[in-house]
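Chemist: Data file data_6.pdb (PDB, C-alpha atoms) is appended below.
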```pdb
ATOM      1  CA  MET M   1     -10.953  -1.962  12.360  1.00  0.00           C
ATOM      2  CA  ARG M   2     -10.194   1.628  13.252  1.00  0.00           C
ATOM      3  CA  ALA M   3      -9.515   4.186  10.540  1.00  0.00           C
ATOM      4  CA  ALA M   4      -5.975   4.643  11.835  1.00  0.00           C
ATOM      5  CA  ASP M   5      -5.332   0.904  11.448  1.00  0.00           C
ATOM      6  CA  LEU M   6      -6.404   1.013   7.796  1.00  0.00           C
ATOM      7  CA  ARG M   7      -3.660   3.537   7.109  1.00  0.00           C
ATOM      8  CA  ARG M   8      -0.834   1.319   8.374  1.00  0.00           C
ATOM      9  CA  PRO M   9       1.349  -0.211   5.619  1.00  0.00           C
ATOM     10  CA  LEU M  10       1.418  -3.995   5.563  1.00  0.00           C
ATOM     11  CA  GLY M  11       4.339  -5.668   7.273  1.00  0.00           C
ATOM     12  CA  ARG M  12       6.212  -8.561   5.708  1.00  0.00           C
ATOM     13  CA  ALA M  13       4.256 -11.154   7.688  1.00  0.00           C
ATOM     14  CA  GLU M  14       0.942  -9.535   6.715  1.00  0.00           C
ATOM     15  CA  LEU M  15       1.921  -9.511   3.042  1.00  0.00           C
ATOM     16  CA  GLU M  16       2.738 -13.198   3.322  1.00  0.00           C
ATOM     17  CA  THR M  17      -0.634 -13.873   4.977  1.00  0.00           C
ATOM     18  CA  LEU M  18      -2.415 -12.114   2.126  1.00  0.00           C
ATOM     19  CA  ARG M  19      -0.277 -13.909  -0.467  1.00  0.00           C
ATOM     20  CA  GLN M  20      -1.116 -17.307   0.999  1.00  0.00           C
ATOM     21  CA  PHE M  21      -4.825 -16.532   1.223  1.00  0.00           C
ATOM     22  CA  LEU M  22      -5.017 -15.387  -2.400  1.00  0.00           C
ATOM     23  CA  ALA M  23      -2.973 -18.370  -3.606  1.00  0.00           C
ATOM     24  CA  ALA M  24      -5.382 -20.766  -1.909  1.00  0.00           C
ATOM     25  CA  THR M  25      -8.594 -19.051  -3.089  1.00  0.00           C
ATOM     26  CA  PRO M  26     -10.285 -20.069  -6.369  1.00  0.00           C
ATOM     27  CA  ARG M  27     -10.254 -17.325  -9.035  1.00  0.00           C
ATOM     28  CA  ALA M  28      -8.400 -14.917  -6.743  1.00  0.00           C
ATOM     29  CA  MET M  29      -5.520 -12.822  -8.011  1.00  0.00           C
ATOM     30  CA  ARG M  30      -1.994 -13.644  -6.981  1.00  0.00           C
ATOM     31  CA  LEU M  31      -0.350 -11.002  -4.814  1.00  0.00           C
ATOM     32  CA  PRO M  32       1.759  -9.312  -7.561  1.00  0.00           C
ATOM     33  CA  GLN M  33      -1.316  -9.195  -9.802  1.00  0.00           C
ATOM     34  CA  ALA M  34      -3.405  -7.672  -6.999  1.00  0.00           C
ATOM     35  CA  HIS M  35      -0.710  -5.057  -6.380  1.00  0.00           C
ATOM     36  CA  GLY M  36      -0.683  -4.003 -10.034  1.00  0.00           C
ATOM     37  CA  PHE M  37      -4.485  -4.012 -10.124  1.00  0.00           C
ATOM     38  CA  LEU M  38      -4.726  -1.719  -7.099  1.00  0.00           C
ATOM     39  CA  THR M  39      -2.094   0.617  -8.533  1.00  0.00           C
ATOM     40  CA  ALA M  40      -4.221   1.169 -11.637  1.00  0.00           C
ATOM     41  CA  ILE M  41      -7.395   1.511  -9.553  1.00  0.00           C
ATOM     42  CA  ALA M  42      -5.669   4.243  -7.541  1.00  0.00           C
ATOM     43  CA  SER M  43      -4.593   6.064 -10.721  1.00  0.00           C
ATOM     44  CA  ALA M  44      -7.688   5.619 -12.892  1.00  0.00           C
ATOM     45  CA  PRO M  45      -9.721   8.541 -14.250  1.00  0.00           C
ATOM     46  CA  THR M  46     -12.875   7.198 -12.604  1.00  0.00           C
ATOM     47  CA  THR M  47     -12.973   6.638  -8.839  1.00  0.00           C
ATOM     48  CA  LEU M  48     -14.428   3.204  -8.097  1.00  0.00           C
ATOM     49  CA  PRO M  49     -15.590   2.148  -4.616  1.00  0.00           C
ATOM     50  CA  PRO M  50     -14.034  -0.941  -2.995  1.00  0.00           C
ATOM     51  CA  SER M  51     -17.269  -2.861  -3.563  1.00  0.00           C
ATOM     52  CA  ALA M  52     -16.597  -2.637  -7.313  1.00  0.00           C
ATOM     53  CA  TRP M  53     -13.043  -3.960  -7.262  1.00  0.00           C
ATOM     54  CA  GLN M  54     -12.523  -6.084  -4.151  1.00  0.00           C
ATOM     55  CA  PRO M  55     -14.381  -9.092  -5.654  1.00  0.00           C
ATOM     56  CA  ARG M  56     -11.969  -9.035  -8.625  1.00  0.00           C
ATOM     57  CA  ILE M  57      -9.081  -9.521  -6.210  1.00  0.00           C
ATOM     58  CA  LEU M  58     -10.636 -11.991  -3.786  1.00  0.00           C
ATOM     59  CA  GLY M  59     -12.232 -14.335  -6.325  1.00  0.00           C
ATOM     60  CA  GLU M  60     -14.451 -16.929  -4.653  1.00  0.00           C
ATOM     61  CA  PRO M  61     -13.310 -16.958  -1.028  1.00  0.00           C
ATOM     62  CA  GLU M  62     -14.674 -19.282   1.617  1.00  0.00           C
ATOM     63  CA  PHE M  63     -13.990 -17.423   4.811  1.00  0.00           C
ATOM     64  CA  GLN M  64     -13.791 -19.499   7.968  1.00  0.00           C
ATOM     65  CA  SER M  65     -15.311 -16.721  10.056  1.00  0.00           C
ATOM     66  CA  ILE M  66     -16.476 -13.125   9.974  1.00  0.00           C
ATOM     67  CA  GLU M  67     -13.227 -12.234  11.718  1.00  0.00           C
ATOM     68  CA  GLN M  68     -11.183 -13.770   8.912  1.00  0.00           C
ATOM     69  CA  ALA M  69     -13.245 -11.949   6.282  1.00  0.00           C
ATOM     70  CA  ARG M  70     -12.699  -8.644   8.049  1.00  0.00           C
ATOM     71  CA  SER M  71      -9.015  -9.366   8.439  1.00  0.00           C
ATOM     72  CA  VAL M  72      -8.445 -10.222   4.773  1.00  0.00           C
ATOM     73  CA  MET M  73     -10.497  -7.303   3.479  1.00  0.00           C
ATOM     74  CA  GLY M  74      -8.642  -5.057   5.893  1.00  0.00           C
ATOM     75  CA  LEU M  75      -5.314  -6.232   4.475  1.00  0.00           C
ATOM     76  CA  VAL M  76      -6.505  -5.457   0.947  1.00  0.00           C
ATOM     77  CA  MET M  77      -7.700  -1.994   1.946  1.00  0.00           C
ATOM     78  CA  ARG M  78      -4.436  -1.241   3.727  1.00  0.00           C
ATOM     79  CA  LEU M  79      -2.493  -2.296   0.644  1.00  0.00           C
ATOM     80  CA  TYR M  80      -4.654   0.017  -1.468  1.00  0.00           C
ATOM     81  CA  ASN M  81      -4.227   2.894   0.980  1.00  0.00           C
ATOM     82  CA  HIS M  82      -0.466   2.437   0.956  1.00  0.00           C
ATOM     83  CA  ILE M  83      -0.414   2.495  -2.854  1.00  0.00           C
ATOM     84  CA  VAL M  84      -2.473   5.718  -2.901  1.00  0.00           C
ATOM     85  CA  THR M  85       0.040   7.293  -0.521  1.00  0.00           C
ATOM     86  CA  GLU M  86       3.025   6.087  -2.539  1.00  0.00           C
ATOM     87  CA  LEU M  87       1.556   7.464  -5.757  1.00  0.00           C
ATOM     88  CA  SER M  88       0.804  10.833  -4.169  1.00  0.00           C
ATOM     89  CA  GLU M  89       4.404  11.019  -2.939  1.00  0.00           C
ATOM     90  CA  GLY M  90       5.882   9.980  -6.292  1.00  0.00           C
ATOM     91  CA  SER M  91       7.418   6.789  -4.903  1.00  0.00           C
ATOM     92  CA  THR M  92       8.433   3.860  -7.104  1.00  0.00           C
ATOM     93  CA  LEU M  93       5.804   1.129  -7.221  1.00  0.00           C
ATOM     94  CA  GLY M  94       6.064  -2.482  -8.261  1.00  0.00           C
ATOM     95  CA  PRO M  95       5.460  -6.048  -7.099  1.00  0.00           C
ATOM     96  CA  PRO M  96       6.808  -7.171  -3.714  1.00  0.00           C
ATOM     97  CA  ASN M  97       9.523  -9.149  -5.584  1.00  0.00           C
ATOM     98  CA  PRO M  98      10.465  -6.819  -8.467  1.00  0.00           C
ATOM     99  CA  GLU M  99      13.419  -8.930  -9.668  1.00  0.00           C
ATOM    100  CA  ASP M 100      11.115 -11.811 -10.599  1.00  0.00           C
ATOM    101  CA  ASP M 101      10.078 -11.685 -14.273  1.00  0.00           C
ATOM    102  CA  GLU M 102       6.908 -13.687 -13.549  1.00  0.00           C
ATOM    103  CA  ALA M 103       5.962 -11.249 -10.784  1.00  0.00           C
ATOM    104  CA  ILE M 104       6.458  -8.310 -13.155  1.00  0.00           C
ATOM    105  CA  SER M 105       4.276 -10.024 -15.776  1.00  0.00           C
ATOM    106  CA  LEU M 106       1.539 -10.697 -13.218  1.00  0.00           C
ATOM    107  CA  TRP M 107       1.785  -7.130 -11.885  1.00  0.00           C
ATOM    108  CA  CYS M 108       1.295  -5.715 -15.380  1.00  0.00           C
ATOM    109  CA  ALA M 109      -1.574  -8.115 -16.105  1.00  0.00           C
ATOM    110  CA  GLY M 110      -3.329  -6.929 -12.948  1.00  0.00           C
ATOM    111  CA  TYR M 111      -2.709  -3.310 -13.878  1.00  0.00           C
ATOM    112  CA  LEU M 112      -4.283  -3.831 -17.297  1.00  0.00           C
ATOM    113  CA  GLU M 113      -7.280  -5.658 -15.828  1.00  0.00           C
ATOM    114  CA  ALA M 114      -8.060  -2.613 -13.695  1.00  0.00           C
ATOM    115  CA  THR M 115      -7.761  -0.227 -16.655  1.00  0.00           C
ATOM    116  CA  ARG M 116     -10.398  -2.246 -18.500  1.00  0.00           C
ATOM    117  CA  MET M 117     -12.915  -1.485 -15.775  1.00  0.00           C
ATOM    118  CA  ASP M 118     -12.812   2.176 -16.834  1.00  0.00           C
ATOM    119  CA  GLU M 119     -14.144   3.193 -20.264  1.00  0.00           C
ATOM    120  CA  ALA M 120     -12.649   6.661 -19.895  1.00  0.00           C
ATOM    121  CA  TRP M 121      -9.182   5.125 -19.859  1.00  0.00           C
ATOM    122  CA  TRP M 122      -9.518   3.234 -23.146  1.00  0.00           C
ATOM    123  CA  ASN M 123     -11.429   6.057 -24.820  1.00  0.00           C
ATOM    124  CA  ASP M 124      -8.401   8.311 -24.334  1.00  0.00           C
ATOM    125  CA  GLU M 125      -5.759   7.825 -27.036  1.00  0.00           C
ATOM    126  CA  TYR M 126      -2.845   9.118 -24.985  1.00  0.00           C
ATOM    127  CA  GLY M 127      -3.934   7.282 -21.842  1.00  0.00           C
ATOM    128  CA  THR M 128      -4.081   4.053 -23.842  1.00  0.00           C
ATOM    129  CA  ALA M 129      -0.689   4.681 -25.468  1.00  0.00           C
ATOM    130  CA  LEU M 130       0.917   4.995 -22.042  1.00  0.00           C
ATOM    131  CA  LEU M 131      -0.014   1.366 -21.354  1.00  0.00           C
ATOM    132  CA  PHE M 132       2.401  -0.018 -23.961  1.00  0.00           C
ATOM    133  CA  PRO M 133       5.116  -1.213 -21.495  1.00  0.00           C
ATOM    134  CA  PHE M 134       2.488  -2.999 -19.395  1.00  0.00           C
ATOM    135  CA  ILE M 135       0.967  -4.672 -22.455  1.00  0.00           C
ATOM    136  CA  VAL M 136       4.371  -5.943 -23.547  1.00  0.00           C
ATOM    137  CA  LEU M 137       5.459  -7.142 -20.095  1.00  0.00           C
ATOM    138  CA  ALA M 138       2.101  -8.853 -19.499  1.00  0.00           C
ATOM    139  CA  GLY M 139       2.672 -10.885 -22.652  1.00  0.00           C
ATOM    140  CA  GLU M 140      -0.302  -9.384 -24.476  1.00  0.00           C
ATOM    141  CA  ALA M 141       1.810  -8.129 -27.397  1.00  0.00           C
ATOM    142  CA  ASP M 142       4.229 -10.169 -29.523  1.00  0.00           C
ATOM    143  CA  LEU M 143       6.943  -7.844 -30.789  1.00  0.00           C
ATOM    144  CA  VAL M 144       8.561 -10.383 -33.107  1.00  0.00           C
ATOM    145  CA  GLY M 145       8.001  -9.268 -36.689  1.00  0.00           C
ATOM    146  CA  GLU M 146       7.108  -5.718 -35.678  1.00  0.00           C
ATOM    147  CA  GLU M 147       9.237  -2.657 -36.459  1.00  0.00           C
ATOM    148  CA  ASP M 148      11.395  -1.108 -33.787  1.00  0.00           C
ATOM    149  CA  ASP M 149      11.865   2.645 -33.347  1.00  0.00           C
ATOM    150  CA  ARG M 150      14.490   2.619 -36.104  1.00  0.00           C
ATOM    151  CA  GLY M 151      12.292   0.837 -38.603  1.00  0.00           C
ATOM    152  CA  ASN M 152      14.062  -2.516 -38.262  1.00  0.00           C
ATOM    153  CA  ILE M 153      12.079  -5.748 -38.014  1.00  0.00           C
ATOM    154  CA  ILE M 154      12.324  -7.211 -34.519  1.00  0.00           C
ATOM    155  CA  GLU M 155      13.594 -10.787 -34.456  1.00  0.00           C
ATOM    156  CA  ASP M 156      14.748 -10.913 -30.833  1.00  0.00           C
ATOM    157  CA  PRO M 157      12.598  -8.743 -28.522  1.00  0.00           C
ATOM    158  CA  THR M 158      14.988  -8.972 -25.564  1.00  0.00           C
ATOM    159  CA  PRO M 159      16.174  -5.333 -25.837  1.00  0.00           C
ATOM    160  CA  GLN M 160      12.588  -4.055 -26.066  1.00  0.00           C
ATOM    161  CA  LEU M 161      11.527  -6.159 -23.077  1.00  0.00           C
ATOM    162  CA  ALA M 162      14.462  -4.836 -21.065  1.00  0.00           C
ATOM    163  CA  ARG M 163      13.520  -1.263 -21.956  1.00  0.00           C
ATOM    164  CA  CYS M 164       9.921  -1.845 -20.899  1.00  0.00           C
ATOM    165  CA  ARG M 165      11.110  -3.232 -17.562  1.00  0.00           C
ATOM    166  CA  GLU M 166      13.412  -0.249 -17.063  1.00  0.00           C
ATOM    167  CA  THR M 167      10.690   2.296 -17.820  1.00  0.00           C
ATOM    168  CA  ARG M 168       7.784   0.556 -16.057  1.00  0.00           C
ATOM    169  CA  ALA M 169       8.159   2.310 -12.692  1.00  0.00           C
ATOM    170  CA  ALA M 170       8.540   5.749 -14.278  1.00  0.00           C
ATOM    171  CA  THR M 171       5.546   5.038 -16.507  1.00  0.00           C
ATOM    172  CA  VAL M 172       3.404   4.219 -13.462  1.00  0.00           C
ATOM    173  CA  LEU M 173       4.064   7.691 -12.081  1.00  0.00           C
ATOM    174  CA  LYS M 174       3.610   9.305 -15.504  1.00  0.00           C
ATOM    175  CA  VAL M 175       0.217   7.629 -15.897  1.00  0.00           C
ATOM    176  CA  ASN M 176      -0.873   8.744 -12.434  1.00  0.00           C
ATOM    177  CA  GLN M 177       0.207  12.316 -13.148  1.00  0.00           C
ATOM    178  CA  TYR M 178      -1.622  12.298 -16.482  1.00  0.00           C
ATOM    179  CA  TRP M 179      -4.929  11.117 -15.024  1.00  0.00           C
ATOM    180  CA  THR M 180      -4.618  13.439 -12.031  1.00  0.00           C
ATOM    181  CA  ALA M 181      -4.368  16.388 -14.439  1.00  0.00           C
ATOM    182  CA  TRP M 182      -7.185  14.933 -16.559  1.00  0.00           C
ATOM    183  CA  ARG M 183      -9.499  14.719 -13.558  1.00  0.00           C
ATOM    184  CA  ARG M 184      -8.794  18.334 -12.674  1.00  0.00           C
ATOM    185  CA  ARG M 185      -9.702  19.438 -16.202  1.00  0.00           C
ATOM    186  CA  ASN M 186     -12.774  17.272 -16.611  1.00  0.00           C
ATOM    187  CA  LEU M 187     -14.411  17.294 -13.206  1.00  0.00           C
ATOM    188  CA  ALA M 188     -17.638  19.159 -13.880  1.00  0.00           C
ATOM    189  CA  PRO M 189     -19.487  20.947 -11.069  1.00  0.00           C
ATOM    190  CA  VAL M 190     -22.606  19.121  -9.972  1.00  0.00           C
ATOM    191  CA  ALA M 191     -25.568  20.027  -7.782  1.00  0.00           C
ATOM    192  CA  ARG M 192     -24.675  18.963  -4.270  1.00  0.00           C
ATOM    193  CA  GLN M 193     -27.247  16.586  -2.785  1.00  0.00           C
ATOM    194  CA  ALA M 194     -25.521  16.162   0.556  1.00  0.00           C
ATOM    195  CA  PRO M 195     -23.456  18.278   2.947  1.00  0.00           C
ATOM    196  CA  LYS M 196     -19.897  18.952   1.840  1.00  0.00           C
ATOM    197  CA  ILE M 197     -17.410  16.380   3.078  1.00  0.00           C
ATOM    198  CA  GLY M 198     -14.876  17.831   5.469  1.00  0.00           C
ATOM    199  CA  ARG M 199     -11.266  17.149   4.509  1.00  0.00           C
ATOM    200  CA  ASN M 200     -10.589  15.577   7.897  1.00  0.00           C
ATOM    201  CA  GLU M 201     -13.715  13.407   7.852  1.00  0.00           C
ATOM    202  CA  PRO M 202     -13.614   9.685   6.907  1.00  0.00           C
ATOM    203  CA  CYS M 203     -13.683   9.236   3.123  1.00  0.00           C
ATOM    204  CA  PRO M 204     -17.114   8.050   1.894  1.00  0.00           C
ATOM    205  CA  CYS M 205     -15.480   5.376  -0.313  1.00  0.00           C
ATOM    206  CA  GLY M 206     -15.008   3.240   2.800  1.00  0.00           C
ATOM    207  CA  SER M 207     -11.210   3.143   2.772  1.00  0.00           C
ATOM    208  CA  GLY M 208     -10.924   4.263   6.384  1.00  0.00           C
ATOM    209  CA  ARG M 209      -8.627   7.134   5.434  1.00  0.00           C
ATOM    210  CA  LYS M 210      -9.402  10.811   5.913  1.00  0.00           C
ATOM    211  CA  PHE M 211     -11.030  12.351   2.827  1.00  0.00           C
ATOM    212  CA  LYS M 212      -8.026  14.641   2.239  1.00  0.00           C
ATOM    213  CA  LYS M 213      -5.707  11.598   2.148  1.00  0.00           C
ATOM    214  CA  CYS M 214      -7.927   9.496  -0.107  1.00  0.00           C
ATOM    215  CA  CYS M 215     -10.438  10.485  -2.805  1.00  0.00           C
ATOM    216  CA  ALA M 216      -9.704  14.190  -2.332  1.00  0.00           C
ATOM    217  CA  LEU M 217      -6.323  13.452  -3.916  1.00  0.00           C
ATOM    218  CA  LYS M 218      -8.188  12.485  -7.082  1.00  0.00           C
ATOM    219  CA  VAL M 219     -10.504  15.451  -7.382  1.00  0.00           C
ATOM    220  CA  ASN M 220      -8.553  18.485  -6.184  1.00  0.00           C
TER     221      ASN M 220
END
```
With the file now loaded, output its structure as structure tokens.

Modeler:
Amino acid sequence: MRAADLRRPLGRAELETLRQFLAATPRAMRLPQAHGFLTAIASAPTTLPPSAWQPRILGEPEFQSIEQARSVMGLVMRLYNHIVTELSEGSTLGPPNPEDDEAISLWCAGYLEATRMDEAWWNDEYGTALLFPFIVLAGEADLVGEEDDRGNIIEDPTPQLARCRETRAATVLKVNQYWTAWRRRNLAPVARQAPKIGRNEPCPCGSGRKFKKCCALKVN
């Protein structure tokens, strides 16, 4: 697949193809979960290569041919590339069917799974605190019996869940902005062992995008 092809957003039919493949593959993520996972991968403090995270999405696939394997992996990479672009442009991100509560829960579960691949994320108190809406919407926190922001004991968490849903998209962008600033502060100069990568050259992470449109967005 050409680099230009890897930059094309997925069409509706391609999203459905990927959804069906993941649904039929043992231990693979469902599409909303994969979308949330890739969103966190794109925002994380540590840049991980596709070889580190693609197996988490694809589970235990049995490809019928090399062509099918290339096609599916290409769809995943294009979805990731689109998410990187959307984050860099400050666009709202969420599952393909954002009105579905189950899809939102899966999206948040995938997001959290990606954060747990990065120790820097969970070693940062503020970065961890930003995850609260995702933790609640993924069903990892039971708010019943806890205090709300007014000090009242929560008996019915419906208002808190609604607030988390309302703030989720804005929180995604806030998290990305926080880690972008963090990377700029913490990126230490290192001895260069290879020639400098040109901004218009293919990114070494294997995404197929130009360096300036991919990992350069994380380190500038």

Chemist: I would like the residues chosen by the PyMOL selection byres ((chain M and resi 50-62) around 6) on the shown file; could you give them as a list of chain:residue names?

Modeler: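 On the file shown, the PyMOL selection byres ((chain M and resi 50-62) around 6) covers M:Thr25, M:Pro26, M:Arg27, M:Ala28, M:Met29, M:Pro49, M:Phe63.
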
Chemist: For each of M:Glu201, M:Pro157, M:Leu75, M:Leu93, take the minimum atom-to-atom distance to Ala141 of chain M, counting only C-alpha atoms, then give the residue where this is smallest.

Modeler: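 Using only C-alpha atoms, Ala141 of chain M sits closest to M:Pro157.
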
Chemist: Can you translate the PyMOL selection byres ((chain M and resi 122-125) around 12) into the concrete residues it hits in this file, as a count of residues only?

Modeler: 23

Chemist: If you take only C-alpha atoms and a cut-off of 8 Å, which residues of segment 35-154 of chain M touch segment 163-170 of chain M, and what are their nearest atom pairs and distances in Å to one decimal, in chain and number order, as CSV?

Modeler:
```
residue,atom,partner,partner_atom,distance
M:Thr92,CA,M:Ala169,CA,5.8
M:Leu93,CA,M:Ala169,CA,6.1
M:Gly94,CA,M:Ala169,CA,6.9
M:Pro133,CA,M:Cys164,CA,4.9
M:Phe134,CA,M:Arg168,CA,7.2
M:Val136,CA,M:Cys164,CA,7.4
M:Leu137,CA,M:Cys164,CA,7.0
```

Chemist: Give me a file of those residues, with C-alpha atoms, as an mmCIF file, in the coordinates of the input.

Modeler:
```
data_model
loop_
_atom_site.group_PDB
_atom_site.id
_atom_site.type_symbol
_atom_site.label_atom_id
_atom_site.label_comp_id
_atom_site.auth_asym_id
_atom_site.auth_seq_id
_atom_site.Cartn_x
_atom_site.Cartn_y
_atom_site.Cartn_z
ATOM 1 C CA THR M 92 8.433 3.860 -7.104
ATOM 2 C CA LEU M 93 5.804 1.129 -7.221
ATOM 3 C CA GLY M 94 6.064 -2.482 -8.261
ATOM 4 C CA PRO M 133 5.116 -1.213 -21.495
ATOM 5 C CA PHE M 134 2.488 -2.999 -19.395
ATOM 6 C CA VAL M 136 4.371 -5.943 -23.547
ATOM 7 C CA LEU M 137 5.459 -7.142 -20.095
#
```

Chemist: Go ahead and compute the interatomic distance for atom CA of Ala138 of chain M and atom CA of Cys108 of chain M, in Å to one decimal.

Modeler: 5.2 Å

Chemist: Need to verify the contact set: Asn97 of chain M, 9 Å, all atoms listed in the file, exclusion of same-chain residues closer than 5 positions in sequence. Can you return it as a PyMOL selection string?

Modeler: chain M and resi 32+103-104

Chemist: What lies within 10 Å of Arg19 of chain M using all atoms listed in the file, ignoring chain neighbours under 2 positions off, as a VMD selection string?

Modeler: chain M and resid 13 to 17 21 to 24 29 to 32 34

Chemist: Suppose you want the space between atom CA of Arg12 of chain M and atom CA of Pro96 of chain M; what is it in Å?

Modeler: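 Between atom CA of Arg12 of chain M and atom CA of Pro96 of chain M the gap is 9.5 Å.
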
Chemist: Quick one: everything within 9 Å of Leu79 of chain M, counting all atoms listed in the file, minus sequence neighbours fewer than 6 positions away in the same chain. Send it as a count of residues only.

Modeler: 8

Chemist: Can you tell me, as JSON, the centre and edge lengths (Å, one decimal) of the axis-aligned box enclosing all of segment 160-170 of chain M's listed atoms after padding each side by 4 Å?

Modeler:
```
{"center_x": 11.1, "center_y": -0.2, "center_z": -19.4, "size_x": 14.7, "size_y": 19.9, "size_z": 21.4}
```

Chemist: Identify, on the basis of all atoms listed in the file, every residue whose closest approach to Leu87 of chain M does not exceed 12 Å; exclude the query and any residue fewer than 5 positions from it along the same chain; express the result as a PyMOL selection string.

Modeler: chain M and resi 38-44+80-82+92-94+169-177+179-180+213-214+217-218

Chemist: Expressed in Å to a single decimal, how great is the separation between atom CA of Ile83 of chain M and atom CA of Phe37 of chain M?

Modeler: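 Spanning atom CA of Ile83 of chain M to atom CA of Phe37 of chain M is a straight-line distance of 10.6 Å.
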
Chemist: Using all atoms listed in the file for the distances, tell me which of M:Asn186, M:Gln33, M:Tyr111, M:Gly151 is nearest to Pro95 of chain M.

Modeler: M:Gln33
